[in-house]
file work_15.cif (mmCIF, C-alpha atoms)
data_upload
loop_
_atom_site.label_atom_id
_atom_site.label_comp_id
_atom_site.auth_asym_id
_atom_site.auth_seq_id
_atom_site.Cartn_x
_atom_site.Cartn_y
_atom_site.Cartn_z
CA MET A 1 -21.01 -26.86 -64.59
CA LEU A 2 -24.46 -26.91 -66.10
CA ASN A 3 -24.78 -25.38 -69.53
CA ASN A 4 -27.13 -22.60 -68.50
CA LEU A 5 -26.83 -18.93 -67.50
CA PRO A 6 -24.19 -18.44 -64.86
CA HIS A 7 -25.68 -16.90 -61.76
CA ILE A 8 -22.98 -15.63 -59.44
CA ARG A 9 -23.72 -15.52 -55.74
CA ARG A 10 -23.07 -12.05 -54.39
CA ARG A 11 -23.30 -10.09 -51.16
CA GLY A 12 -25.75 -7.20 -51.26
CA LEU A 13 -24.64 -3.63 -50.78
CA MET A 14 -25.90 -0.69 -48.74
CA LEU A 15 -26.69 2.24 -51.02
CA VAL A 16 -26.87 5.56 -49.19
CA LEU A 17 -28.47 8.55 -50.88
CA SER A 18 -28.04 11.91 -49.18
CA SER A 19 -28.75 15.44 -50.34
CA PRO A 20 -29.96 18.75 -49.04
CA SER A 21 -33.73 18.73 -48.80
CA GLY A 22 -35.16 19.84 -52.14
CA ALA A 23 -32.44 18.36 -54.35
CA GLY A 24 -34.64 15.50 -55.56
CA LYS A 25 -33.43 12.57 -53.47
CA THR A 26 -36.83 11.16 -52.51
CA THR A 27 -38.12 11.04 -56.09
CA ILE A 28 -34.94 9.26 -57.15
CA SER A 29 -35.26 6.73 -54.31
CA ARG A 30 -38.83 5.91 -55.32
CA ARG A 31 -37.90 5.36 -58.97
CA LEU A 32 -34.93 3.18 -58.02
CA MET A 33 -37.15 0.99 -55.84
CA LYS A 34 -39.57 0.54 -58.72
CA THR A 35 -37.02 -0.64 -61.24
CA ASN A 36 -34.78 -2.72 -58.94
CA PRO A 37 -36.54 -5.73 -57.42
CA ASP A 38 -33.23 -6.58 -55.69
CA LEU A 39 -33.35 -3.30 -53.79
CA GLN A 40 -35.25 -2.77 -50.54
CA LEU A 41 -35.68 0.40 -48.54
CA SER A 42 -34.31 0.45 -45.01
CA VAL A 43 -37.07 1.25 -42.53
CA SER A 44 -35.92 3.02 -39.36
CA VAL A 45 -37.14 2.53 -35.82
CA THR A 46 -38.27 5.73 -34.10
CA THR A 47 -39.73 6.97 -30.83
CA ARG A 48 -41.43 9.97 -32.40
CA PRO A 49 -45.25 9.88 -32.69
CA GLN A 50 -46.77 8.39 -35.84
CA ARG A 51 -48.27 10.99 -38.19
CA PRO A 52 -51.66 10.37 -39.82
CA ALA A 53 -50.26 9.66 -43.31
CA GLU A 54 -47.54 7.30 -42.09
CA VAL A 55 -47.71 3.53 -42.29
CA GLU A 56 -46.17 1.35 -39.57
CA GLY A 57 -43.41 -0.83 -41.01
CA GLN A 58 -43.31 1.13 -44.23
CA ASP A 59 -42.34 4.64 -43.17
CA TYR A 60 -41.03 3.70 -39.72
CA PHE A 61 -41.32 1.16 -36.98
CA PHE A 62 -42.88 3.19 -34.15
CA VAL A 63 -41.80 2.15 -30.66
CA SER A 64 -41.79 3.50 -27.13
CA GLU A 65 -38.66 4.96 -25.57
CA LYS A 66 -38.45 1.95 -23.32
CA ALA A 67 -38.56 -0.45 -26.26
CA PHE A 68 -35.97 1.64 -28.08
CA GLN A 69 -33.68 1.53 -25.09
CA LYS A 70 -34.01 -2.26 -24.89
CA LEU A 71 -33.05 -2.63 -28.56
CA CYS A 72 -30.13 -0.33 -27.96
CA ASP A 73 -28.94 -2.36 -24.96
CA ALA A 74 -29.18 -5.51 -27.05
CA ASN A 75 -26.85 -3.95 -29.66
CA ALA A 76 -29.65 -4.32 -32.21
CA PHE A 77 -28.83 -1.08 -34.04
CA LEU A 78 -26.35 -0.53 -36.84
CA GLU A 79 -26.63 3.16 -35.98
CA HIS A 80 -28.92 5.31 -33.90
CA ALA A 81 -29.22 8.97 -33.04
CA LEU A 82 -31.19 11.51 -31.09
CA VAL A 83 -32.72 14.17 -33.35
CA PHE A 84 -34.93 16.91 -31.84
CA ASP A 85 -35.90 14.90 -28.72
CA HIS A 86 -36.71 11.71 -30.62
CA PHE A 87 -34.63 8.61 -31.21
CA TYR A 88 -34.04 7.06 -34.62
CA GLY A 89 -32.22 3.83 -35.36
CA THR A 90 -31.42 1.30 -38.09
CA LEU A 91 -31.85 -2.33 -37.06
CA ARG A 92 -28.85 -4.51 -37.74
CA GLN A 93 -30.52 -7.87 -38.41
CA PRO A 94 -32.82 -7.04 -41.37
CA VAL A 95 -29.93 -5.33 -43.14
CA GLU A 96 -27.54 -8.23 -42.50
CA ASP A 97 -30.19 -10.76 -43.66
CA ALA A 98 -30.76 -8.81 -46.88
CA LEU A 99 -27.03 -8.49 -47.65
CA THR A 100 -26.45 -12.19 -47.02
CA GLN A 101 -29.24 -13.04 -49.44
CA GLY A 102 -27.73 -10.81 -52.12
CA GLN A 103 -30.35 -8.09 -51.67
CA ASP A 104 -29.30 -4.45 -51.70
CA VAL A 105 -30.58 -2.01 -49.11
CA LEU A 106 -31.33 1.65 -49.85
CA PHE A 107 -30.84 4.30 -47.16
CA ASP A 108 -32.43 7.70 -47.55
CA ILE A 109 -30.52 9.39 -44.73
CA ASP A 110 -28.58 12.54 -43.90
CA TRP A 111 -24.86 13.06 -43.34
CA GLN A 112 -25.11 12.20 -39.64
CA GLY A 113 -26.71 8.84 -40.37
CA THR A 114 -24.15 8.21 -43.09
CA GLN A 115 -21.25 8.93 -40.77
CA ALA A 116 -22.71 6.60 -38.17
CA LEU A 117 -23.29 3.82 -40.73
CA SER A 118 -19.80 4.10 -42.12
CA GLN A 119 -18.42 3.25 -38.69
CA SER A 120 -20.14 -0.13 -38.66
CA ALA A 121 -20.47 -1.13 -42.31
CA ARG A 122 -17.63 0.26 -44.38
CA GLY A 123 -17.15 -2.61 -46.86
CA ASP A 124 -20.83 -2.88 -47.75
CA LEU A 125 -21.45 0.83 -47.99
CA VAL A 126 -21.77 2.84 -51.22
CA THR A 127 -22.50 6.51 -50.57
CA VAL A 128 -23.97 8.94 -53.08
CA PHE A 129 -24.47 12.66 -52.54
CA ILE A 130 -26.85 14.62 -54.75
CA LEU A 131 -26.27 18.34 -55.24
CA PRO A 132 -28.72 20.84 -56.68
CA PRO A 133 -27.59 22.47 -59.95
CA ARG A 134 -28.24 26.00 -58.66
CA TRP A 135 -28.89 27.50 -55.27
CA GLU A 136 -31.97 29.40 -56.52
CA GLU A 137 -33.41 26.07 -57.67
CA LEU A 138 -33.18 24.70 -54.14
CA GLU A 139 -34.69 27.87 -52.71
CA ARG A 140 -37.55 27.70 -55.18
CA ARG A 141 -38.30 24.07 -54.29
CA LEU A 142 -38.13 24.68 -50.55
CA LYS A 143 -40.35 27.75 -50.80
CA SER A 144 -42.95 26.01 -52.94
CA ARG A 145 -43.46 23.25 -50.40
CA ALA A 146 -45.91 25.27 -48.34
CA GLN A 147 -47.06 28.78 -47.61
CA ASP A 148 -44.62 29.10 -44.77
CA ALA A 149 -43.34 32.09 -42.89
CA GLU A 150 -40.04 33.48 -44.13
CA SER A 151 -38.32 32.41 -40.93
CA ILE A 152 -39.25 28.77 -41.58
CA VAL A 153 -37.96 28.91 -45.16
CA ALA A 154 -34.77 30.53 -43.88
CA LYS A 155 -34.35 27.73 -41.33
CA ARG A 156 -34.78 25.13 -44.08
CA MET A 157 -32.24 26.88 -46.27
CA SER A 158 -29.79 26.94 -43.41
CA LYS A 159 -30.32 23.22 -42.83
CA ALA A 160 -29.86 22.54 -46.57
CA SER A 161 -26.65 24.53 -46.55
CA ASP A 162 -25.38 22.56 -43.55
CA GLU A 163 -26.24 19.25 -45.23
CA MET A 164 -24.55 20.35 -48.44
CA SER A 165 -21.31 21.12 -46.67
CA HIS A 166 -20.81 17.36 -46.17
CA TRP A 167 -20.64 16.38 -49.86
CA ALA A 168 -16.93 15.63 -49.57
CA GLU A 169 -17.56 12.64 -47.26
CA TYR A 170 -19.30 10.66 -50.02
CA ASP A 171 -17.98 8.19 -52.60
CA TYR A 172 -19.96 9.59 -55.52
CA VAL A 173 -21.22 13.12 -56.07
CA LEU A 174 -23.96 13.88 -58.60
CA ILE A 175 -25.55 17.12 -59.71
CA ASN A 176 -29.27 16.76 -60.22
CA ASP A 177 -29.84 19.05 -63.16
CA HIS A 178 -31.90 16.71 -65.36
CA PHE A 179 -33.85 14.19 -63.35
CA GLU A 180 -33.61 11.33 -65.85
CA THR A 181 -29.85 11.81 -66.24
CA THR A 182 -29.36 11.74 -62.48
CA LEU A 183 -31.55 8.65 -62.15
CA HIS A 184 -29.48 6.95 -64.85
CA GLN A 185 -26.29 7.93 -63.02
CA VAL A 186 -27.46 6.50 -59.68
CA GLN A 187 -28.53 3.34 -61.51
CA SER A 188 -25.06 3.12 -63.10
CA VAL A 189 -23.45 3.39 -59.67
CA LEU A 190 -25.67 0.56 -58.44
CA THR A 191 -24.97 -1.61 -61.50
CA ALA A 192 -21.22 -0.99 -61.30
CA GLU A 193 -20.94 -1.57 -57.55
CA ARG A 194 -22.75 -4.88 -57.89
CA LEU A 195 -20.01 -5.97 -60.30
CA LYS A 196 -17.18 -5.25 -57.90
CA ARG A 197 -15.13 -8.39 -57.50
CA THR A 198 -15.23 -8.16 -53.72
CA ARG A 199 -19.04 -8.33 -53.64
CA GLN A 200 -19.34 -11.35 -55.94
CA SER A 201 -18.74 -14.06 -53.39
CA GLY A 202 -19.51 -16.82 -55.89
CA LEU A 203 -16.85 -15.88 -58.44
CA SER A 204 -14.16 -18.14 -57.14
CA ASP A 205 -16.39 -21.21 -57.44
CA PHE A 206 -17.53 -20.09 -60.86
CA VAL A 207 -13.99 -19.79 -62.22
CA LYS A 208 -13.12 -23.18 -60.75
CA SER A 209 -16.11 -24.75 -62.49
CA LEU A 210 -15.12 -23.00 -65.73
CA LYS A 211 -11.71 -24.56 -65.68
CA ALA A 212 -12.97 -27.96 -64.67
CA GLY A 213 -14.94 -27.49 -67.89
CA MET B 1 -22.26 31.34 -61.03
CA LEU B 2 -23.86 31.62 -64.45
CA ASN B 3 -27.34 30.26 -64.71
CA ASN B 4 -26.51 27.52 -67.19
CA LEU B 5 -25.64 23.81 -67.04
CA PRO B 6 -22.98 23.12 -64.45
CA HIS B 7 -19.95 21.52 -66.05
CA ILE B 8 -17.66 20.04 -63.45
CA ARG B 9 -13.96 19.82 -64.24
CA ARG B 10 -12.73 16.26 -63.74
CA ARG B 11 -9.60 14.20 -64.09
CA GLY B 12 -9.83 11.42 -66.67
CA LEU B 13 -9.47 7.79 -65.69
CA MET B 14 -7.58 4.82 -67.09
CA LEU B 15 -9.98 2.01 -67.95
CA VAL B 16 -8.28 -1.36 -68.30
CA LEU B 17 -10.11 -4.23 -69.99
CA SER B 18 -8.54 -7.66 -69.71
CA SER B 19 -9.85 -11.10 -70.55
CA PRO B 20 -8.69 -14.41 -71.90
CA SER B 21 -8.51 -14.25 -75.67
CA GLY B 22 -11.88 -15.17 -77.10
CA ALA B 23 -14.01 -13.70 -74.29
CA GLY B 24 -15.14 -10.73 -76.35
CA LYS B 25 -12.92 -7.93 -75.06
CA THR B 26 -11.95 -6.44 -78.42
CA THR B 27 -15.54 -6.12 -79.64
CA ILE B 28 -16.50 -4.43 -76.38
CA SER B 29 -13.55 -2.01 -76.65
CA ARG B 30 -14.59 -1.01 -80.16
CA ARG B 31 -18.19 -0.36 -79.16
CA LEU B 32 -17.12 1.68 -76.13
CA MET B 33 -14.88 3.85 -78.29
CA LYS B 34 -17.77 4.52 -80.66
CA THR B 35 -20.21 5.70 -78.00
CA ASN B 36 -17.79 7.60 -75.73
CA PRO B 37 -16.18 10.61 -77.39
CA ASP B 38 -14.36 11.26 -74.09
CA LEU B 39 -12.59 7.91 -74.36
CA GLN B 40 -9.40 7.34 -76.33
CA LEU B 41 -7.52 4.11 -76.92
CA SER B 42 -3.99 3.86 -75.60
CA VAL B 43 -1.58 3.07 -78.43
CA SER B 44 1.53 1.14 -77.41
CA VAL B 45 5.06 1.55 -78.67
CA THR B 46 6.65 -1.67 -79.95
CA THR B 47 9.83 -2.97 -81.52
CA ARG B 48 8.12 -5.83 -83.31
CA PRO B 49 7.77 -5.58 -87.10
CA GLN B 50 4.66 -3.93 -88.53
CA ARG B 51 2.19 -6.38 -90.07
CA PRO B 52 0.55 -5.55 -93.42
CA ALA B 53 -2.89 -4.76 -91.94
CA GLU B 54 -1.52 -2.57 -89.15
CA VAL B 55 -1.58 1.22 -89.18
CA GLU B 56 1.23 3.23 -87.58
CA GLY B 57 -0.08 5.36 -84.71
CA GLN B 58 -3.37 3.51 -84.62
CA ASP B 59 -2.43 -0.09 -83.84
CA TYR B 60 1.08 0.68 -82.56
CA PHE B 61 3.91 3.12 -82.78
CA PHE B 62 6.63 1.05 -84.46
CA VAL B 63 10.16 1.93 -83.39
CA SER B 64 13.66 0.44 -83.50
CA GLU B 65 15.19 -1.21 -80.46
CA LYS B 66 17.56 1.70 -80.15
CA ALA B 67 14.72 4.22 -80.14
CA PHE B 68 12.85 2.11 -77.59
CA GLN B 69 15.89 2.01 -75.34
CA LYS B 70 16.22 5.80 -75.54
CA LEU B 71 12.58 6.27 -74.48
CA CYS B 72 13.16 3.83 -71.68
CA ASP B 73 16.25 5.69 -70.45
CA ALA B 74 14.25 8.93 -70.52
CA ASN B 75 11.62 7.36 -68.22
CA ALA B 76 9.05 7.94 -70.97
CA PHE B 77 7.11 4.76 -70.25
CA LEU B 78 4.32 4.21 -67.74
CA GLU B 79 5.04 0.51 -68.17
CA HIS B 80 7.00 -1.62 -70.59
CA ALA B 81 7.73 -5.30 -71.05
CA LEU B 82 9.54 -7.84 -73.15
CA VAL B 83 7.16 -10.33 -74.76
CA PHE B 84 8.54 -13.05 -77.09
CA ASP B 85 11.72 -11.11 -78.03
CA HIS B 86 9.92 -7.83 -78.68
CA PHE B 87 9.47 -4.78 -76.47
CA TYR B 88 6.14 -3.14 -75.78
CA GLY B 89 5.55 0.03 -73.81
CA THR B 90 2.92 2.64 -72.86
CA LEU B 91 4.08 6.24 -73.17
CA ARG B 92 3.53 8.31 -70.06
CA GLN B 93 2.98 11.76 -71.60
CA PRO B 94 -0.04 11.15 -73.89
CA VAL B 95 -1.85 9.41 -71.01
CA GLU B 96 -1.06 12.18 -68.53
CA ASP B 97 -2.15 14.84 -71.06
CA ALA B 98 -5.45 13.05 -71.65
CA LEU B 99 -6.19 12.61 -67.94
CA THR B 100 -5.40 16.25 -67.20
CA GLN B 101 -7.82 17.31 -69.95
CA GLY B 102 -10.57 15.13 -68.48
CA GLN B 103 -10.26 12.51 -71.21
CA ASP B 104 -10.42 8.82 -70.31
CA VAL B 105 -7.94 6.33 -71.72
CA LEU B 106 -8.84 2.75 -72.60
CA PHE B 107 -6.24 -0.03 -72.25
CA ASP B 108 -6.79 -3.34 -73.98
CA ILE B 109 -4.02 -5.22 -72.17
CA ASP B 110 -3.28 -8.47 -70.35
CA TRP B 111 -2.71 -9.14 -66.66
CA GLN B 112 1.02 -8.43 -66.93
CA GLY B 113 0.41 -4.98 -68.40
CA THR B 114 -2.25 -4.35 -65.77
CA GLN B 115 0.08 -5.27 -62.94
CA ALA B 116 2.75 -2.97 -64.33
CA LEU B 117 0.30 -0.08 -64.78
CA SER B 118 -1.05 -0.45 -61.29
CA GLN B 119 2.42 0.22 -59.92
CA SER B 120 2.55 3.65 -61.52
CA ALA B 121 -1.06 4.80 -61.76
CA ARG B 122 -3.15 3.37 -58.94
CA GLY B 123 -5.48 6.32 -58.30
CA ASP B 124 -6.43 6.77 -61.96
CA LEU B 125 -6.83 3.08 -62.71
CA VAL B 126 -10.13 1.22 -63.07
CA THR B 127 -9.64 -2.42 -63.94
CA VAL B 128 -12.26 -4.71 -65.48
CA PHE B 129 -11.88 -8.42 -66.13
CA ILE B 130 -14.20 -10.20 -68.55
CA LEU B 131 -14.82 -13.92 -68.11
CA PRO B 132 -16.39 -16.26 -70.65
CA PRO B 133 -19.70 -17.81 -69.53
CA ARG B 134 -18.55 -21.35 -70.33
CA TRP B 135 -15.24 -22.94 -71.11
CA GLU B 136 -16.60 -24.66 -74.23
CA GLU B 137 -17.64 -21.24 -75.52
CA LEU B 138 -14.06 -20.02 -75.29
CA GLU B 139 -12.79 -23.18 -76.98
CA ARG B 140 -15.29 -22.76 -79.79
CA ARG B 141 -14.26 -19.15 -80.39
CA LEU B 142 -10.54 -19.91 -80.30
CA LYS B 143 -10.96 -22.84 -82.65
CA SER B 144 -13.05 -20.92 -85.14
CA ARG B 145 -10.42 -18.22 -85.56
CA ALA B 146 -8.45 -20.20 -88.08
CA GLN B 147 -7.87 -23.67 -89.41
CA ASP B 148 -5.00 -24.20 -87.06
CA ALA B 149 -3.25 -27.32 -85.94
CA GLU B 150 -4.49 -28.84 -82.69
CA SER B 151 -1.24 -27.95 -80.99
CA ILE B 152 -1.75 -24.26 -81.72
CA VAL B 153 -5.31 -24.32 -80.40
CA ALA B 154 -4.05 -26.15 -77.30
CA LYS B 155 -1.39 -23.46 -76.80
CA ARG B 156 -4.04 -20.73 -77.08
CA MET B 157 -6.25 -22.52 -74.58
CA SER B 158 -3.38 -22.81 -72.16
CA LYS B 159 -2.67 -19.08 -72.54
CA ALA B 160 -6.37 -18.28 -72.00
CA SER B 161 -6.37 -20.42 -68.87
CA ASP B 162 -3.29 -18.62 -67.57
CA GLU B 163 -4.85 -15.20 -68.27
CA MET B 164 -8.08 -16.25 -66.58
CA SER B 165 -6.29 -17.22 -63.39
CA HIS B 166 -5.65 -13.51 -62.75
CA TRP B 167 -9.30 -12.40 -62.49
CA ALA B 168 -8.93 -11.80 -58.74
CA GLU B 169 -6.52 -8.88 -59.31
CA TYR B 170 -9.22 -6.72 -60.92
CA ASP B 171 -11.69 -4.19 -59.47
CA TYR B 172 -14.68 -5.41 -61.47
CA VAL B 173 -15.39 -8.87 -62.85
CA LEU B 174 -17.97 -9.41 -65.60
CA ILE B 175 -19.23 -12.55 -67.27
CA ASN B 176 -19.77 -12.03 -70.98
CA ASP B 177 -22.81 -14.16 -71.60
CA HIS B 178 -24.95 -11.67 -73.51
CA PHE B 179 -22.88 -9.17 -75.40
CA GLU B 180 -25.26 -6.22 -75.02
CA THR B 181 -25.61 -6.82 -71.28
CA THR B 182 -21.84 -6.93 -70.84
CA LEU B 183 -21.41 -3.77 -72.90
CA HIS B 184 -24.02 -2.05 -70.73
CA GLN B 185 -22.19 -3.22 -67.62
CA VAL B 186 -18.82 -1.88 -68.77
CA GLN B 187 -20.53 1.39 -69.69
CA SER B 188 -22.06 1.54 -66.19
CA VAL B 189 -18.62 1.07 -64.65
CA LEU B 190 -17.31 3.93 -66.78
CA THR B 191 -20.28 6.19 -65.95
CA ALA B 192 -20.05 5.43 -62.23
CA GLU B 193 -16.29 5.84 -61.98
CA ARG B 194 -16.51 9.24 -63.66
CA LEU B 195 -18.86 10.30 -60.84
CA LYS B 196 -16.44 9.38 -58.06
CA ARG B 197 -15.90 12.42 -55.91
CA THR B 198 -12.13 12.05 -56.06
CA ARG B 199 -12.09 12.37 -59.88
CA GLN B 200 -14.26 15.50 -60.02
CA SER B 201 -11.61 18.08 -59.36
CA GLY B 202 -14.01 20.96 -60.01
CA LEU B 203 -16.55 20.01 -57.34
CA SER B 204 -15.13 22.13 -54.57
CA ASP B 205 -15.33 25.29 -56.69
CA PHE B 206 -18.81 24.33 -57.82
CA VAL B 207 -20.15 23.96 -54.28
CA LYS B 208 -18.53 27.26 -53.31
CA SER B 209 -20.23 29.01 -56.22
CA LEU B 210 -23.53 27.33 -55.25
CA LYS B 211 -23.37 28.79 -51.78
CA ALA B 212 -22.25 32.19 -52.95
CA GLY B 213 -25.50 31.92 -54.90
#

call {"tool": "encode", "arguments": {"input": "work_15.cif", "output": "structure tokens"}}
result
Amino acid sequence: MLNNLPHIRRRGLMLVLSSPSGAGKTTISRRLMKTNPDLQLSVSVTTRPQRPAEVEGQDYFFVSEKAFQKLCDANAFLEHALVFDHFYGTLRQPVEDALTQGQDVLFDIDWQGTQALSQSARGDLVTVFILPPRWEELERRLKSRAQDAESIVAKRMSKASDEMSHWAEYDYVLINDHFETTLHQVQSVLTAERLKRTRQSGLSDFVKSLKAG
Amino acid sequence: MLNNLPHIRRRGLMLVLSSPSGAGKTTISRRLMKTNPDLQLSVSVTTRPQRPAEVEGQDYFFVSEKAFQKLCDANAFLEHALVFDHFYGTLRQPVEDALTQGQDVLFDIDWQGTQALSQSARGDLVTVFILPPRWEELERRLKSRAQDAESIVAKRMSKASDEMSHWAEYDYVLINDHFETTLHQVQSVLTAERLKRTRQSGLSDFVKSLKAG
């Protein structure tokens, strides 16, 4: 082999981050994306209307129900679901292309999406659940989001509680007490999982070249 | 729950580092021990004679063949083996005590020891194999160890080659090109593995206390 840095070919991984709303997942996702050029965010396809602040192809791919159905019939989705009258789905091809090129894909999804993904992508999947350190902390964050009626806050809390009950379906569980510590922990999971023998598809060739000397 | 930092009870893990001699494993072990107070080195029992520089209870526990046989009969070993006329073994109790107390145990052992351990401790075991970046690098390091006869160096190289052929039996495979990078990678494996849901035995109680609020 050439006398330079060994670069081992590897298959990318699918990193899933889930947490009850308010536990800090979105901020962590953003920071991860910034510091990991090898990591790309999975963009879902949806039939729900585009909101003013949303960017096509960045937040979602917005399609009609007819178009969604066509994609579905063509088996183009890794997973898809109906949530409050609207369809959401993850396209199979962009994910598969990324993984083949050794790029990792980040999924900011809930327990339902995670369960669906794990049916079709077990070996590539790394799932992380982020818990809040204290219930009051979560309540505080959910309340501070807007000047909402108590009933809306209560609904959010109930949804958070439901989401939280699924922590035991994840590979890694983190408690987001100090943001920087949690970020470091998610980064460690990513670094470690990339080093798993089974993901480093170029290792066998590398060892052969080592011995050939 | 009390309004302070959540501390989640966890079961320790057994971190195995293996590599061909000369790939940097011992230096990495020492650095890991320094920066991880939760990590203790496993000390083997052996029947081979103590060398002048060696410290009883730190490098090995030195025992007679008769004492070794007694321990063996009492099923006191997690694994044991005969290597060049001398017995070596890992005591079960100190490891189990450490794991129960949430302490991790580091094993600086070869592929044979790793295979034996994996028979008796699969769920607690995390195995890391460290490869040299280049074959010439390994040769250089093995040669520089002493002014040895060519035949001795050749024997060492052959042993290194044999050890290296077992990389595919490990969970994680690292290439030690830059020492600090490799150290960071092993540390990431340790950090990530500690966060595995299955090792955090206190999580269930924690989530319950969260919800009780």

call {"tool": "atom_distance", "arguments": {"input": "work_15.cif", "atom1": "CA of Thr100 in chain B", "atom2": "CA of Leu15 in chain B"}}
result
15.0 Å

call {"tool": "residues_around", "arguments": {"input": "work_15.cif", "residues": "Val207 in chain A", "least_positions_apart": "6", "cutoff": "12 Å", "atoms": "all atoms listed in the file", "output": "list of chain:residue names"}}
result
A:Met1, A:Pro6, A:Ile8, A:Gln200, A:Ser201, A:Gly213, B:Ile130, B:Leu131, B:Pro132, B:Pro133, B:Arg134, B:Trp135, B:Ser161, B:Glu163, B:Met164, B:Ser165, B:His166, B:Trp167, B:Ala168, B:Val173, B:Leu174, B:Ile175

call {"tool": "residues_around", "arguments": {"input": "work_15.cif", "residues": "range 23-33 of chain A", "least_positions_apart": "5", "cutoff": "7 Å", "atoms": "all atoms listed in the file", "output": "list of chain:residue names"}}
result
A:Leu17, A:Ser18, A:Leu39, A:Gln40, A:Ile130, A:Leu131, A:Pro132, A:Leu138, A:Asn176, A:Leu183

call {"tool": "atom_distance", "arguments": {"input": "work_15.cif", "atom1": "CA of Thr127 in chain B", "atom2": "CA of Gln187 in chain B"}}
result
12.9 Å

call {"tool": "resolve_selection", "arguments": {"input": "work_15.cif", "expression": "the PyMOL selection byres ((chain A and resi 189) around 12)", "output": "number ranges by chain"}}
result
A: 13-17, 32, 126-129, 171-174, 182-188, 190-196; B: 185-196

call {"tool": "atom_distance", "arguments": {"input": "work_15.cif", "atom1": "CA of Ala116 in chain A", "atom2": "CA of Phe77 in chain A"}}
result
10.7 Å

call {"tool": "resolve_selection", "arguments": {"input": "work_15.cif", "expression": "the PyMOL selection byres ((chain A and resi 75) around 12)", "output": "list in words"}}
result
Phe68, Gln69, Lys70, Leu71, Cys72, Asp73, Ala74, Ala76, Phe77, Leu78, Glu79, His80, Gly89, Thr90, Leu91, Arg92, Gln93 and Ser120 of chain A

call {"tool": "write_last_selection", "arguments": {"input": "work_15.cif", "atoms": "C-alpha atoms", "output": "PDB file, in the frame of the given file"}}
result
ATOM      1  CA  PHE A  68     -35.970   1.640 -28.080  1.00  0.00           C
ATOM      2  CA  GLN A  69     -33.680   1.530 -25.090  1.00  0.00           C
ATOM      3  CA  LYS A  70     -34.010  -2.260 -24.890  1.00  0.00           C
ATOM      4  CA  LEU A  71     -33.050  -2.630 -28.560  1.00  0.00           C
ATOM      5  CA  CYS A  72     -30.130  -0.330 -27.960  1.00  0.00           C
ATOM      6  CA  ASP A  73     -28.940  -2.360 -24.960  1.00  0.00           C
ATOM      7  CA  ALA A  74     -29.180  -5.510 -27.050  1.00  0.00           C
ATOM      8  CA  ALA A  76     -29.650  -4.320 -32.210  1.00  0.00           C
ATOM      9  CA  PHE A  77     -28.830  -1.080 -34.040  1.00  0.00           C
ATOM     10  CA  LEU A  78     -26.350  -0.530 -36.840  1.00  0.00           C
ATOM     11  CA  GLU A  79     -26.630   3.160 -35.980  1.00  0.00           C
ATOM     12  CA  HIS A  80     -28.920   5.310 -33.900  1.00  0.00           C
ATOM     13  CA  GLY A  89     -32.220   3.830 -35.360  1.00  0.00           C
ATOM     14  CA  THR A  90     -31.420   1.300 -38.090  1.00  0.00           C
ATOM     15  CA  LEU A  91     -31.850  -2.330 -37.060  1.00  0.00           C
ATOM     16  CA  ARG A  92     -28.850  -4.510 -37.740  1.00  0.00           C
ATOM     17  CA  GLN A  93     -30.520  -7.870 -38.410  1.00  0.00           C
ATOM     18  CA  SER A 120     -20.140  -0.130 -38.660  1.00  0.00           C
TER      19      SER A 120
END

call {"tool": "closest_residue", "arguments": {"input": "work_15.cif", "among": "A:Ser21, A:Thr47, A:Thr198, A:Thr35", "to": "Ser64 in chain A", "atoms": "all atoms listed in the file"}}
result
A:Thr47

call {"tool": "resolve_selection", "arguments": {"input": "work_15.cif", "expression": "the PyMOL selection byres ((chain A and resi 50) around 12)", "output": "PDB file with C-alpha atoms, in the coordinates of the input"}}
result
ATOM      1  CA  VAL A  45     -37.140   2.530 -35.820  1.00  0.00           C
ATOM      2  CA  THR A  46     -38.270   5.730 -34.100  1.00  0.00           C
ATOM      3  CA  THR A  47     -39.730   6.970 -30.830  1.00  0.00           C
ATOM      4  CA  ARG A  48     -41.430   9.970 -32.400  1.00  0.00           C
ATOM      5  CA  PRO A  49     -45.250   9.880 -32.690  1.00  0.00           C
ATOM      6  CA  ARG A  51     -48.270  10.990 -38.190  1.00  0.00           C
ATOM      7  CA  PRO A  52     -51.660  10.370 -39.820  1.00  0.00           C
ATOM      8  CA  ALA A  53     -50.260   9.660 -43.310  1.00  0.00           C
ATOM      9  CA  GLU A  54     -47.540   7.300 -42.090  1.00  0.00           C
ATOM     10  CA  VAL A  55     -47.710   3.530 -42.290  1.00  0.00           C
ATOM     11  CA  GLU A  56     -46.170   1.350 -39.570  1.00  0.00           C
ATOM     12  CA  GLY A  57     -43.410  -0.830 -41.010  1.00  0.00           C
ATOM     13  CA  GLN A  58     -43.310   1.130 -44.230  1.00  0.00           C
ATOM     14  CA  ASP A  59     -42.340   4.640 -43.170  1.00  0.00           C
ATOM     15  CA  TYR A  60     -41.030   3.700 -39.720  1.00  0.00           C
ATOM     16  CA  PHE A  61     -41.320   1.160 -36.980  1.00  0.00           C
ATOM     17  CA  PHE A  62     -42.880   3.190 -34.150  1.00  0.00           C
ATOM     18  CA  VAL A  63     -41.800   2.150 -30.660  1.00  0.00           C
ATOM     19  CA  SER A  64     -41.790   3.500 -27.130  1.00  0.00           C
ATOM     20  CA  HIS A  86     -36.710  11.710 -30.620  1.00  0.00           C
TER      21      HIS A  86
END
